[in-house]
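S.K.: Below is the file data_4.cif, with mmCIF, C-alpha atoms.
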data_target
#
loop_
_atom_site.label_atom_id
_atom_site.label_comp_id
_atom_site.auth_asym_id
_atom_site.auth_seq_id
_atom_site.Cartn_x
_atom_site.Cartn_y
_atom_site.Cartn_z
CA MET A 1 -23.27 -10.43 -8.24
CA GLN A 2 -26.40 -8.34 -7.72
CA GLU A 3 -27.96 -11.10 -5.62
CA ILE A 4 -24.78 -11.23 -3.53
CA LEU A 5 -24.80 -7.46 -3.07
CA ASP A 6 -28.48 -7.49 -2.06
CA ALA A 7 -27.78 -10.17 0.55
CA ILE A 8 -24.86 -8.22 2.03
CA GLN A 9 -26.85 -4.98 2.09
CA SER A 10 -29.78 -6.67 3.84
CA GLY A 11 -27.60 -8.24 6.55
CA ALA A 12 -28.10 -11.84 5.45
CA SER A 13 -26.97 -14.60 7.78
CA ALA A 14 -23.79 -16.62 7.34
CA ASP A 15 -25.84 -19.62 6.15
CA ASP A 16 -27.76 -17.51 3.66
CA ILE A 17 -24.53 -16.07 2.24
CA ALA A 18 -22.93 -19.52 2.10
CA ASN A 19 -25.86 -20.77 0.00
CA LEU A 20 -25.80 -17.96 -2.54
CA PRO A 21 -24.92 -19.10 -6.06
CA LEU A 22 -21.57 -17.86 -7.32
CA PRO A 23 -21.31 -16.37 -10.81
CA ASP A 24 -19.39 -18.04 -13.62
CA SER A 25 -17.67 -14.73 -14.32
CA TYR A 26 -17.22 -11.39 -12.63
CA ARG A 27 -16.26 -7.79 -13.38
CA ALA A 28 -12.57 -7.01 -12.89
CA ALA A 29 -9.88 -4.47 -13.74
CA HIS A 30 -7.19 -6.31 -15.66
CA VAL A 31 -4.31 -5.99 -18.10
CA LEU A 32 -3.71 -8.24 -21.10
CA LYS A 33 -0.65 -10.33 -21.85
CA ALA A 34 -1.08 -9.56 -25.54
CA GLU A 35 -0.48 -5.87 -24.76
CA GLN A 36 2.57 -6.22 -22.51
CA ASP A 37 4.85 -4.77 -25.21
CA MET A 38 2.58 -1.84 -26.04
CA TRP A 39 4.81 0.69 -24.27
CA LYS A 40 8.18 -0.35 -25.69
CA GLY A 41 10.31 2.72 -26.33
CA THR A 42 7.85 5.02 -24.53
CA PRO A 43 9.15 7.16 -21.63
CA SER A 44 7.69 6.07 -18.30
CA LYS A 45 5.63 9.21 -17.69
CA GLU A 46 4.03 8.95 -21.12
CA LYS A 47 2.71 5.45 -20.46
CA ASP A 48 -1.01 5.77 -19.80
CA PRO A 49 -2.81 3.29 -17.50
CA ARG A 50 -6.11 4.45 -18.98
CA GLN A 51 -5.15 2.63 -22.18
CA SER A 52 -3.84 -0.59 -20.66
CA ILE A 53 -6.29 -1.23 -17.79
CA HIS A 54 -9.49 -2.88 -18.99
CA VAL A 55 -12.64 -3.40 -16.92
CA GLY A 56 -14.74 -6.35 -18.01
CA GLU A 57 -15.86 -9.90 -17.28
CA VAL A 58 -13.33 -12.61 -16.44
CA PRO A 59 -14.00 -16.27 -15.55
CA THR A 60 -14.38 -17.22 -11.88
CA PRO A 61 -11.41 -19.42 -10.88
CA GLU A 62 -11.64 -22.59 -8.83
CA LEU A 63 -11.07 -22.21 -5.07
CA ALA A 64 -8.04 -23.85 -3.42
CA PRO A 65 -8.39 -25.46 0.04
CA ASP A 66 -6.61 -22.59 1.84
CA GLU A 67 -8.47 -19.77 0.09
CA VAL A 68 -11.75 -17.86 0.29
CA TYR A 69 -13.98 -16.22 -2.28
CA LEU A 70 -14.40 -12.59 -1.30
CA ALA A 71 -17.17 -10.26 -2.43
CA VAL A 72 -15.10 -7.12 -2.85
CA MET A 73 -16.97 -4.03 -1.73
CA ALA A 74 -14.06 -1.65 -2.29
CA SER A 75 -10.39 -1.59 -3.19
CA SER A 76 -7.69 1.02 -3.78
CA ILE A 77 -4.86 2.06 -6.06
CA ASN A 78 -1.26 1.38 -5.12
CA PHE A 79 1.92 2.10 -7.03
CA ASN A 80 2.17 -1.58 -7.88
CA THR A 81 -1.11 -1.23 -9.82
CA VAL A 82 0.57 1.51 -11.83
CA TRP A 83 3.66 -0.64 -12.40
CA THR A 84 1.49 -3.51 -13.63
CA SER A 85 -0.41 -1.20 -15.98
CA ILE A 86 2.71 0.26 -17.59
CA PHE A 87 4.55 -3.10 -17.57
CA GLU A 88 7.45 -1.47 -15.73
CA PRO A 89 10.01 -2.23 -14.43
CA ILE A 90 8.90 -5.68 -15.65
CA SER A 91 5.76 -7.26 -17.01
CA THR A 92 3.95 -9.07 -14.21
CA PHE A 93 3.05 -11.90 -16.57
CA GLY A 94 6.54 -13.25 -15.93
CA ALA A 95 5.76 -13.45 -12.21
CA LEU A 96 2.48 -15.26 -12.91
CA SER A 97 4.31 -17.77 -15.10
CA ARG A 98 6.88 -18.47 -12.38
CA LEU A 99 4.16 -18.90 -9.77
CA ALA A 100 2.40 -21.42 -12.01
CA ARG A 101 5.37 -23.79 -11.82
CA GLU A 102 4.96 -24.31 -8.06
CA SER A 103 1.82 -26.48 -7.93
CA SER A 104 -1.34 -27.49 -9.73
CA TRP A 105 -3.27 -24.83 -7.82
CA ALA A 106 -0.69 -22.21 -8.74
CA GLN A 107 -1.21 -22.96 -12.43
CA ARG A 108 -4.53 -21.08 -12.25
CA HIS A 109 -2.62 -17.79 -12.08
CA ASP A 110 -0.89 -18.10 -15.46
CA LEU A 111 -3.54 -16.59 -17.71
CA PRO A 112 -3.65 -14.23 -20.70
CA TYR A 113 -5.00 -11.55 -18.34
CA HIS A 114 -3.97 -10.30 -14.91
CA VAL A 115 -6.62 -9.07 -12.44
CA VAL A 116 -4.86 -6.36 -10.46
CA GLY A 117 -5.27 -4.80 -7.03
CA SER A 118 -3.47 -5.38 -3.71
CA ASP A 119 -6.06 -3.97 -1.29
CA ALA A 120 -9.67 -4.92 -0.58
CA SER A 121 -12.48 -4.81 1.92
CA GLY A 122 -15.45 -7.10 1.59
CA VAL A 123 -17.43 -10.12 2.74
CA VAL A 124 -16.36 -13.76 2.72
CA LEU A 125 -18.65 -15.84 0.47
CA ARG A 126 -17.05 -19.30 0.55
CA VAL A 127 -14.14 -20.87 2.37
CA GLY A 128 -11.89 -23.69 1.20
CA SER A 129 -11.83 -27.01 3.01
CA ALA A 130 -8.63 -26.12 4.94
CA VAL A 131 -9.83 -22.71 6.20
CA ARG A 132 -10.43 -22.66 9.98
CA ASN A 133 -10.70 -19.10 11.27
CA TRP A 134 -13.08 -17.50 8.78
CA LYS A 135 -16.62 -18.20 7.62
CA PRO A 136 -19.13 -16.89 5.09
CA GLY A 137 -20.48 -13.51 6.11
CA ASP A 138 -17.29 -12.32 7.83
CA ARG A 139 -16.45 -8.70 7.05
CA VAL A 140 -12.75 -8.44 6.33
CA THR A 141 -9.91 -6.50 4.86
CA VAL A 142 -7.04 -8.09 2.96
CA HIS A 143 -3.32 -7.68 3.45
CA CYS A 144 -1.27 -8.52 0.39
CA ASN A 145 1.44 -10.87 1.69
CA HIS A 146 1.04 -14.08 -0.32
CA VAL A 147 3.14 -16.87 1.23
CA ASP A 148 3.33 -20.65 1.23
CA ASP A 149 3.12 -21.93 4.81
CA GLN A 150 4.75 -25.20 3.75
CA ASP A 151 7.97 -23.35 3.01
CA PRO A 152 10.33 -23.39 6.05
CA THR A 153 11.79 -20.00 5.07
CA ALA A 154 8.38 -18.44 5.83
CA HIS A 155 8.29 -19.39 9.51
CA ASN A 156 10.39 -16.80 11.27
CA ASP A 157 9.52 -13.69 9.32
CA SER A 158 7.31 -14.57 6.37
CA MET A 159 8.63 -11.58 4.42
CA MET A 160 11.88 -13.54 4.26
CA ALA A 161 10.17 -16.47 2.56
CA ALA A 162 11.88 -17.66 -0.59
CA ASN A 163 8.62 -17.51 -2.53
CA GLN A 164 6.98 -14.49 -0.85
CA ARG A 165 4.78 -12.57 -3.26
CA ILE A 166 2.40 -9.62 -3.30
CA TRP A 167 -1.22 -10.56 -3.94
CA GLY A 168 -2.69 -8.79 -6.95
CA TYR A 169 0.75 -7.82 -8.23
CA GLU A 170 2.74 -11.05 -8.36
CA THR A 171 -0.41 -13.19 -8.23
CA ASN A 172 -3.65 -13.11 -10.17
CA PHE A 173 -7.25 -12.60 -8.96
CA GLY A 174 -6.55 -9.31 -7.16
CA GLY A 175 -8.80 -6.85 -5.40
CA LEU A 176 -9.85 -4.38 -8.10
CA ALA A 177 -12.86 -6.51 -8.95
CA ASP A 178 -16.28 -7.55 -7.71
CA LEU A 179 -14.89 -10.93 -6.63
CA ALA A 180 -11.44 -11.97 -5.43
CA VAL A 181 -9.63 -15.14 -4.48
CA VAL A 182 -7.64 -14.63 -1.28
CA LYS A 183 -5.54 -16.88 0.95
CA ALA A 184 -7.08 -17.25 4.40
CA ASN A 185 -3.84 -16.08 6.00
CA SER A 186 -4.26 -12.73 4.26
CA LEU A 187 -7.55 -11.86 5.97
CA MET A 188 -8.02 -9.41 8.84
CA PRO A 189 -11.16 -8.06 10.55
CA LYS A 190 -12.70 -5.01 8.90
CA PRO A 191 -12.59 -1.98 11.23
CA GLU A 192 -16.22 -1.54 12.23
CA HIS A 193 -16.27 2.26 12.26
CA LEU A 194 -15.05 2.61 8.69
CA THR A 195 -16.95 2.58 5.42
CA TRP A 196 -16.05 -0.04 2.83
CA GLU A 197 -13.89 2.39 0.91
CA GLU A 198 -12.14 3.73 4.02
CA ALA A 199 -11.38 0.19 5.13
CA ALA A 200 -10.03 -0.76 1.71
CA VAL A 201 -7.25 1.82 1.45
CA ASN A 202 -5.20 0.89 4.51
CA ALA A 203 -3.67 -2.56 4.52
CA LEU A 204 -0.81 -2.29 2.04
CA CYS A 205 0.46 1.17 2.97
CA ASN A 206 -0.38 1.07 6.68
CA SER A 207 1.31 -2.30 7.16
CA THR A 208 4.34 -1.18 5.16
CA SER A 209 4.79 1.92 7.32
CA TYR A 210 4.29 -0.11 10.53
CA ARG A 211 7.07 -2.54 9.63
CA MET A 212 9.41 0.25 8.53
CA LEU A 213 9.08 2.34 11.67
CA VAL A 214 7.58 0.35 14.56
CA SER A 215 8.64 -3.25 14.04
CA LYS A 216 11.93 -4.72 15.22
CA ASN A 217 12.34 -5.73 11.57
CA GLY A 218 12.50 -2.05 10.63
CA ALA A 219 13.81 1.02 12.44
CA ALA A 220 12.26 0.13 15.85
CA MET A 221 11.39 3.76 16.53
CA LYS A 222 11.37 4.88 20.16
CA GLN A 223 9.94 7.89 21.96
CA GLY A 224 11.74 11.11 21.13
CA ASP A 225 13.22 9.89 17.85
CA VAL A 226 13.43 12.53 15.14
CA VAL A 227 12.11 11.00 11.92
CA LEU A 228 12.54 12.60 8.50
CA ILE A 229 9.63 11.53 6.29
CA TRP A 230 9.82 12.09 2.56
CA GLY A 231 6.48 12.43 0.77
CA ALA A 232 4.67 12.78 4.06
CA THR A 233 1.20 13.17 2.53
CA GLY A 234 1.57 10.25 0.14
CA GLY A 235 0.26 6.76 0.83
CA ILE A 236 2.95 5.30 3.09
CA GLY A 237 4.22 8.71 4.19
CA ALA A 238 0.88 9.73 5.68
CA TYR A 239 0.69 6.54 7.77
CA ALA A 240 4.34 6.99 8.78
CA THR A 241 3.55 10.48 10.02
CA GLN A 242 0.75 9.09 12.19
CA TYR A 243 3.03 6.41 13.65
CA VAL A 244 5.67 8.95 14.58
CA LEU A 245 3.09 11.21 16.23
CA ASN A 246 1.43 8.30 18.05
CA GLY A 247 4.74 6.81 19.16
CA GLY A 248 6.12 9.91 20.80
CA GLY A 249 8.51 10.70 17.97
CA ILE A 250 9.23 14.02 16.31
CA PRO A 251 8.28 14.02 12.62
CA VAL A 252 10.07 16.27 10.17
CA CYS A 253 7.88 16.05 7.09
CA VAL A 254 8.86 16.84 3.52
CA VAL A 255 6.11 17.78 1.06
CA SER A 256 5.91 19.64 -2.25
CA SER A 257 3.21 22.29 -1.78
CA PRO A 258 1.60 24.59 0.81
CA ASP A 259 -1.67 22.64 0.55
CA LYS A 260 0.07 19.43 1.56
CA ALA A 261 1.85 21.26 4.37
CA GLN A 262 -1.52 22.41 5.71
CA ILE A 263 -2.80 18.82 5.84
CA LEU A 264 0.17 17.98 8.07
CA ARG A 265 -0.39 20.99 10.32
CA ASN A 266 -3.97 19.85 10.80
CA MET A 267 -2.61 16.45 11.87
CA GLY A 268 -0.42 18.10 14.51
CA VAL A 269 2.93 18.18 12.70
CA GLU A 270 5.15 21.11 13.71
CA HIS A 271 8.22 20.65 11.52
CA ILE A 272 7.53 20.80 7.78
CA ILE A 273 9.79 21.37 4.79
CA ASP A 274 8.20 22.48 1.52
CA ARG A 275 10.61 20.90 -0.92
CA ALA A 276 9.38 23.03 -3.82
CA ALA A 277 9.96 26.25 -1.90
CA ALA A 278 13.37 25.08 -0.66
CA ASP A 279 14.27 24.19 -4.27
CA TYR A 280 16.91 21.61 -3.40
CA HIS A 281 19.13 20.44 -6.25
CA PHE A 282 20.71 17.23 -5.02
CA PHE A 283 22.33 16.69 -8.44
CA ASP A 284 24.31 19.23 -10.44
CA GLU A 285 23.88 19.83 -14.17
CA ASN A 286 26.08 16.82 -14.94
CA GLY A 287 24.01 14.44 -12.81
CA VAL A 288 26.61 14.36 -10.00
CA HIS A 289 25.54 14.58 -6.36
CA ASP A 290 25.92 18.06 -4.87
CA GLU A 291 26.98 17.67 -1.24
CA THR A 292 26.41 21.35 -0.53
CA GLU A 293 22.69 20.72 -1.07
CA TRP A 294 22.78 17.77 1.31
CA ARG A 295 24.30 20.09 3.89
CA ARG A 296 21.61 22.69 3.24
CA LEU A 297 18.90 20.09 3.88
CA GLY A 298 20.65 19.01 7.08
CA LYS A 299 20.84 22.62 8.25
CA ASP A 300 17.14 23.14 7.49
CA ILE A 301 16.28 20.08 9.59
CA ARG A 302 18.40 21.28 12.52
CA ASN A 303 16.87 24.75 12.28
CA LEU A 304 13.44 23.16 12.71
CA CYS A 305 14.05 20.67 15.51
CA GLY A 306 17.59 21.29 16.77
CA GLU A 307 19.18 17.98 15.76
CA ASP A 308 19.79 15.50 12.97
CA PRO A 309 17.24 12.74 12.29
CA ASP A 310 17.52 9.44 14.15
CA ILE A 311 15.58 7.79 11.32
CA VAL A 312 14.94 8.64 7.70
CA PHE A 313 11.79 7.15 6.16
CA GLU A 314 13.03 6.75 2.59
CA HIS A 315 11.00 5.72 -0.44
CA PRO A 316 11.52 8.17 -3.34
CA GLY A 317 14.80 6.44 -4.21
CA ARG A 318 17.32 7.97 -6.57
CA SER A 319 16.21 11.59 -6.18
CA THR A 320 16.65 11.67 -2.39
CA PHE A 321 18.69 8.65 -1.32
CA GLY A 322 22.12 10.29 -1.20
CA ALA A 323 20.71 13.14 0.86
CA SER A 324 18.95 10.73 3.22
CA MET A 325 22.15 8.81 3.90
CA TYR A 326 23.98 12.05 4.56
CA VAL A 327 21.54 13.80 6.92
CA VAL A 328 20.72 10.88 9.23
CA LYS A 329 22.67 11.27 12.46
CA ARG A 330 25.69 9.25 13.56
CA GLY A 331 24.43 5.76 14.39
CA GLY A 332 21.06 6.56 12.84
CA THR A 333 18.95 4.45 10.48
CA VAL A 334 17.73 4.93 6.94
CA VAL A 335 14.85 2.54 6.25
CA THR A 336 13.75 2.17 2.64
CA CYS A 337 10.93 0.33 0.92
CA ALA A 338 10.70 1.71 -2.61
CA ALA A 339 12.30 3.79 -5.32
CA THR A 340 9.57 5.70 -7.11
CA SER A 341 12.07 8.14 -8.66
CA GLY A 342 14.52 5.43 -9.77
CA PHE A 343 16.10 2.36 -8.23
CA MET A 344 19.76 2.85 -9.19
CA MET A 345 20.91 4.87 -6.18
CA GLU A 346 24.21 6.35 -5.03
CA PHE A 347 25.47 7.71 -1.73
CA ASP A 348 28.79 8.77 -0.20
CA ASN A 349 29.99 5.70 1.68
CA ARG A 350 32.43 7.76 3.77
CA HIS A 351 29.59 9.39 5.69
CA PHE A 352 27.91 5.99 6.01
CA TRP A 353 30.73 3.89 7.41
CA MET A 354 32.62 6.57 9.35
CA ARG A 355 29.45 7.61 11.17
CA LEU A 356 28.25 4.06 11.81
CA LYS A 357 24.89 4.50 10.13
CA ARG A 358 22.46 1.68 9.34
CA LEU A 359 20.56 0.98 6.12
CA VAL A 360 17.50 -1.28 6.41
CA GLY A 361 15.60 -2.61 3.43
CA SER A 362 11.91 -3.18 4.09
CA HIS A 363 9.11 -4.70 2.05
CA PHE A 364 5.44 -4.78 3.06
CA ALA A 365 4.89 -6.70 6.35
CA ASN A 366 4.37 -10.16 7.76
CA TYR A 367 0.95 -11.31 9.00
CA LYS A 368 1.66 -10.38 12.61
CA GLU A 369 2.80 -6.87 11.67
CA ALA A 370 -0.15 -6.36 9.33
CA TRP A 371 -2.54 -7.60 12.03
CA GLU A 372 -1.09 -5.20 14.61
CA ALA A 373 -1.28 -2.30 12.16
CA ASN A 374 -4.91 -3.17 11.40
CA ARG A 375 -5.65 -3.42 15.15
CA LEU A 376 -4.55 0.20 15.58
CA ILE A 377 -6.99 1.22 12.87
CA GLN A 378 -9.74 -0.85 14.52
CA LYS A 379 -9.13 1.07 17.75
CA GLY A 380 -9.30 4.45 16.03
CA MET A 381 -5.64 5.23 16.75
CA ILE A 382 -4.49 5.25 13.12
CA HIS A 383 -6.79 6.62 10.44
CA PRO A 384 -7.37 6.16 6.71
CA VAL A 385 -5.67 8.71 4.47
CA MET A 386 -8.16 8.51 1.61
CA SER A 387 -8.43 11.59 -0.57
CA GLN A 388 -10.69 10.50 -3.46
CA VAL A 389 -13.00 7.67 -4.48
CA PHE A 390 -13.49 6.33 -8.01
CA ALA A 391 -15.80 3.71 -9.48
CA LEU A 392 -14.31 0.42 -10.68
CA GLU A 393 -14.89 1.50 -14.29
CA GLN A 394 -12.56 4.46 -13.60
CA THR A 395 -9.63 2.34 -12.40
CA GLY A 396 -7.50 3.48 -15.34
CA GLU A 397 -8.05 7.14 -14.51
CA ALA A 398 -7.35 6.53 -10.82
CA ALA A 399 -4.09 4.73 -11.69
CA TYR A 400 -3.18 7.57 -14.06
CA GLN A 401 -3.52 10.08 -11.23
CA VAL A 402 -1.30 7.99 -8.94
CA HIS A 403 1.24 7.56 -11.76
CA HIS A 404 1.50 11.34 -12.09
CA ASN A 405 1.37 12.09 -8.34
CA MET A 406 -1.83 14.07 -8.77
CA HIS A 407 -3.19 12.74 -5.46
CA GLU A 408 -2.62 12.89 -1.73
CA GLY A 409 -2.88 9.89 0.54
CA LYS A 410 -4.75 6.98 -1.03
CA ILE A 411 -7.38 6.70 -3.76
CA GLY A 412 -10.28 4.37 -3.01
CA VAL A 413 -12.20 2.40 -5.63
CA LEU A 414 -15.80 1.23 -5.23
CA CYS A 415 -16.29 -2.32 -6.49
CA LEU A 416 -19.56 -3.98 -5.42
CA ALA A 417 -20.45 -1.10 -3.09
CA PRO A 418 -22.95 1.05 -5.04
CA GLU A 419 -22.03 4.28 -3.29
CA GLU A 420 -19.78 5.79 -0.67
CA GLY A 421 -20.58 5.75 3.04
CA LEU A 422 -21.77 2.14 3.44
CA GLY A 423 -20.49 -0.60 5.73
CA VAL A 424 -20.26 1.19 9.11
CA THR A 425 -21.31 -1.03 12.03
CA ASN A 426 -19.84 0.99 14.91
CA PRO A 427 -21.17 4.54 14.56
CA GLU A 428 -20.17 5.39 18.16
CA LEU A 429 -16.45 4.95 17.47
CA ARG A 430 -16.86 6.74 14.16
CA ALA A 431 -18.36 9.74 15.93
CA LYS A 432 -15.55 9.68 18.48
CA VAL A 433 -12.86 9.66 15.78
CA GLY A 434 -14.71 12.42 13.93
CA ASP A 435 -12.90 14.64 11.45
CA LYS A 436 -9.68 12.61 11.64
CA LEU A 437 -11.29 10.32 9.06
CA HIS A 438 -11.49 13.16 6.57
CA ALA A 439 -8.11 14.82 6.88
CA PHE A 440 -7.16 13.98 3.29
CA ARG A 441 -10.52 14.32 1.55
CA ARG A 442 -10.63 16.79 -1.30
#
Now, as a test, write the supplied structure out as structure tokens.

M.R.:
Amino acid sequence: MQEILDAIQSGASADDIANLPLPDSYRAAHVLKAEQDMWKGTPSKEKDPRQSIHVGEVPTPELAPDEVYLAVMASSINFNTVWTSIFEPISTFGALSRLARESSWAQRHDLPYHVVGSDASGVVLRVGSAVRNWKPGDRVTVHCNHVDDQDPTAHNDSMMAANQRIWGYETNFGGLADLAVVKANSLMPKPEHLTWEEAAVNALCNSTSYRMLVSKNGAAMKQGDVVLIWGATGGIGAYATQYVLNGGGIPVCVVSSPDKAQILRNMGVEHIIDRAAADYHFFDENGVHDETEWRRLGKDIRNLCGEDPDIVFEHPGRSTFGASMYVVKRGGTVVTCAATSGFMMEFDNRHFWMRLKRLVGSHFANYKEAWEANRLIQKGMIHPVMSQVFALEQTGEAAYQVHHNMHEGKIGVLCLAPEEGLGVTNPELRAKVGDKLHAFRR
């Protein structure tokens, strides 16, 4: 891998990169099938990714015709990396086993280890015989929608495909490694003004937020819409906030500390609720929803912007879902993509049906949506929300911090890149964007 890194750093030609020898093994962050029961009986918050994520050599897999080998310069931590590492809510080895039943190529994924990571930026090293639009030397980022283009259910909205999966979570050979195997239809151009690590943190969260808010498959936000955003300085929340600001909407952002509120003010957000200071108790001591607290939240929102939200950007799940369904205005939309506080959720259906509200489930994004979201980053209209950068050897610690919400925005991970700050090929745009690239840096 050192020879590959040297070639990339020196600006080697496409032919030179195509002729580089590939290693028989590579360094990767992975979990072990033999350890998938290690956390049985342990409360979720006590499960420690630092114990289950290993960084070491794994064999280089064979390349399928529709795939590329990618030299991964940087990656990032997502919640699905945490879920894989704590084997919750399920062990991902079950998903790898199911994938293996689909074809001879798919059988490669069913291994005693799982290389994790659903984001990456890097350089294409080899392309399979069926790859048309990419070549060795291309600088790319990776979106994590893994679909079979021979499946008819994938050809209207590929997120509706019967066998849609998330690369690096429900497939093997993910991005937290020096090398990755990626389907060609998961590649996008690397934004030229970003460093490797800045480019690596965007695709999963940025694309998810784009589909939830901008796409016709989500809430289809329009100018003037009031949007309540839970966790507005987290991964998807920080991109959602940018989309509302860019799209002429009115964000009402919920955070949990004054420091996070200040990040939002610096971004241009006017309406902020510090959830810790407000001290909402959406459940009483018996675990029953307290509607008076829903009403208090609704009043706080109206006191800030004068009206109820048109859209609620919902992802915490159980802890907030009932409140979200209550406060959204008559005819409004709650769009949800996750349940980080619990996935068994309750709400008062009377307020839902009598006020003609809409609930939209959303999951990542199709290729078109991911491409459009990446285009906005390429143009310097949406910006990375990276707060910290770790080395690949520290993947367990980085995942631990995400597991315990010790971070803001996204955490980047250097893979082949030897240090931060490399990979910029458009310094003019970078200078124009300026401090917006550093809004979340600690």

S.K.: If you count only C-alpha atoms, which residues fall within 12 Å of A:Leu264, apart from same-chain ones fewer than 3 positions away, as a PyMOL selection string?

M.R.: chain A and resi 229+231-234+237-242+245+251-261+267-274+385+408-409+436+439-440

S.K.: Kindly provide, as a PDB file with C-alpha atoms, keeping the file's coordinate frame, the polymer residues lying within 8 Å of (10.9, 4.4, -7.2), counting all atoms listed in the file and using the coordinates exactly as they appear in the file.

M.R.:
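Saved to part-v7.pdb:
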ATOM      1  CA  HIS A 315      11.000   5.720  -0.440  1.00  0.00           C
ATOM      2  CA  PRO A 316      11.520   8.170  -3.340  1.00  0.00           C
ATOM      3  CA  GLY A 317      14.800   6.440  -4.210  1.00  0.00           C
ATOM      4  CA  ARG A 318      17.320   7.970  -6.570  1.00  0.00           C
ATOM      5  CA  ALA A 338      10.700   1.710  -2.610  1.00  0.00           C
ATOM      6  CA  ALA A 339      12.300   3.790  -5.320  1.00  0.00           C
ATOM      7  CA  THR A 340       9.570   5.700  -7.110  1.00  0.00           C
ATOM      8  CA  SER A 341      12.070   8.140  -8.660  1.00  0.00           C
ATOM      9  CA  GLY A 342      14.520   5.430  -9.770  1.00  0.00           C
ATOM     10  CA  PHE A 343      16.100   2.360  -8.230  1.00  0.00           C
TER      11      PHE A 343
END

S.K.: List every residue of stretch 279-391 of chain A that has an atom at most 10 Å from any atom of stretch 51-75 of chain A, giving for each one its closest atom pair and the distance in Å to one decimal, counting all atoms listed in the file, sorted by chain and then by ascending residue number, as a tab-separated table.

M.R.:
residue	atom	partner	partner_atom	distance
A:Val389	CA	A:Ala74	CA	9.6
A:Phe390	CA	A:Ser75	CA	9.8
A:Ala391	CA	A:Ala74	CA	9.1

S.K.: Closest to A:Ala130 among A:Gln394, A:Ser13, A:Asn185, A:Ser207, using all atoms listed in the file?

M.R.: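 So, comparing all the options, the nearest one is A:Asn185.
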
S.K.: Name the residues within 7 Å of (-2.3, 8.8, 15.2), counting only C-alpha atoms in the file's coordinates, and put them as a PyMOL selection string.

M.R.: chain A and resi 242-243+245-246+381-383

S.K.: Keeping C-alpha atoms for every residue in the selection just given, could you write it to a file as a PDB file, in the coordinates of the input?

M.R.:
ATOM      1  CA  GLN A 242       0.750   9.090  12.190  1.00  0.00           C
ATOM      2  CA  TYR A 243       3.030   6.410  13.650  1.00  0.00           C
ATOM      3  CA  LEU A 245       3.090  11.210  16.230  1.00  0.00           C
ATOM      4  CA  ASN A 246       1.430   8.300  18.050  1.00  0.00           C
ATOM      5  CA  MET A 381      -5.640   5.230  16.750  1.00  0.00           C
ATOM      6  CA  ILE A 382      -4.490   5.250  13.120  1.00  0.00           C
ATOM      7  CA  HIS A 383      -6.790   6.620  10.440  1.00  0.00           C
TER       8      HIS A 383
END

S.K.: What's around A:Ser97 at 9 Å? Count only C-alpha atoms, leave out sequence neighbours fewer than 6 positions away in its own chain, and write the answer as a CSV table (one decimal) with C-alpha atoms, keeping the file's coordinate frame.

M.R.:
chain,number,residue,atom,x,y,z
A,107,GLN,CA,-1.2,-23.0,-12.4
A,109,HIS,CA,-2.6,-17.8,-12.1
A,110,ASP,CA,-0.9,-18.1,-15.5
A,111,LEU,CA,-3.5,-16.6,-17.7

S.K.: Would you kindly translate the PyMOL selection byres ((chain A and resi 358) around 9) into the concrete residues it picks from this file, as a list in words?

M.R.: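 Matching residues under the PyMOL selection byres ((chain A and resi 358) around 9) are Met325, Gly331, Gly332, Thr333, Val334, Val335, Phe352, Trp353, Leu356, Lys357, Leu359 and Val360 of chain A.
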
S.K.: For the residues selected in the previous step, produce a file with C-alpha atoms as a short mmCIF file (atom, residue, chain, number, x, y, z; two decimals), keeping the file's coordinate frame.

M.R.:
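selection-v6.cif, freshly written:
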data_model
loop_
_atom_site.label_atom_id
_atom_site.label_comp_id
_atom_site.auth_asym_id
_atom_site.auth_seq_id
_atom_site.Cartn_x
_atom_site.Cartn_y
_atom_site.Cartn_z
CA MET A 325 22.15 8.81 3.90
CA GLY A 331 24.43 5.76 14.39
CA GLY A 332 21.06 6.56 12.84
CA THR A 333 18.95 4.45 10.48
CA VAL A 334 17.73 4.93 6.94
CA VAL A 335 14.85 2.54 6.25
CA PHE A 352 27.91 5.99 6.01
CA TRP A 353 30.73 3.89 7.41
CA LEU A 356 28.25 4.06 11.81
CA LYS A 357 24.89 4.50 10.13
CA LEU A 359 20.56 0.98 6.12
CA VAL A 360 17.50 -1.28 6.41
#

S.K.: Please list as a PyMOL selection string every residue within 12 Å of stretch 416-419 of chain A, counting all atoms listed in the file and excluding residues in the same chain fewer than 4 positions away.

M.R.: chain A and resi 1-9+26-28+70-75+120-123+175-180+195-198+200+389-393+412+423

S.K.: Please measure the separation of atom CA of A:Thr425 and atom CA of A:Asp138, giving the value in Å to one decimal.

M.R.: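 Taking atom CA of A:Thr425 and atom CA of A:Asp138, their separation equals 12.7 Å.
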
S.K.: Calculate how many Å separate atom CA of A:Leu99 from atom CA of A:Val413, rounding to one decimal.

M.R.: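 According to the coordinates, atom CA of A:Leu99 and atom CA of A:Val413 are separated by 27.2 Å.
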
S.K.: I need the residue set behind the PyMOL selection byres ((chain A and resi 158-166) around 6) for this file; please write it as JSON, numbers by chain.

M.R.: {"A": [144, 145, 146, 147, 153, 154, 155, 157, 167, 169, 170, 366]}

S.K.: Step by step, work through what the PyMOL selection byres ((chain A and resi 194) around 9) selects in the shown file, and finish by giving those residues as a list in words.

M.R.: Lys190, Pro191, Glu192, His193, Thr195, Trp196, Glu197, Glu198, Ala199, Gln378, Pro384, Gly421, Leu422, Gly423, Val424, Thr425, Asn426, Pro427, Arg430 and Leu437 of chain A

S.K.: If you measure from atom CA of A:Asp290 to atom CA of A:Val227, what distance in Å do you get, rounded to one decimal?

M.R.: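 Separating atom CA of A:Asp290 from atom CA of A:Val227 is a distance of 22.9 Å.
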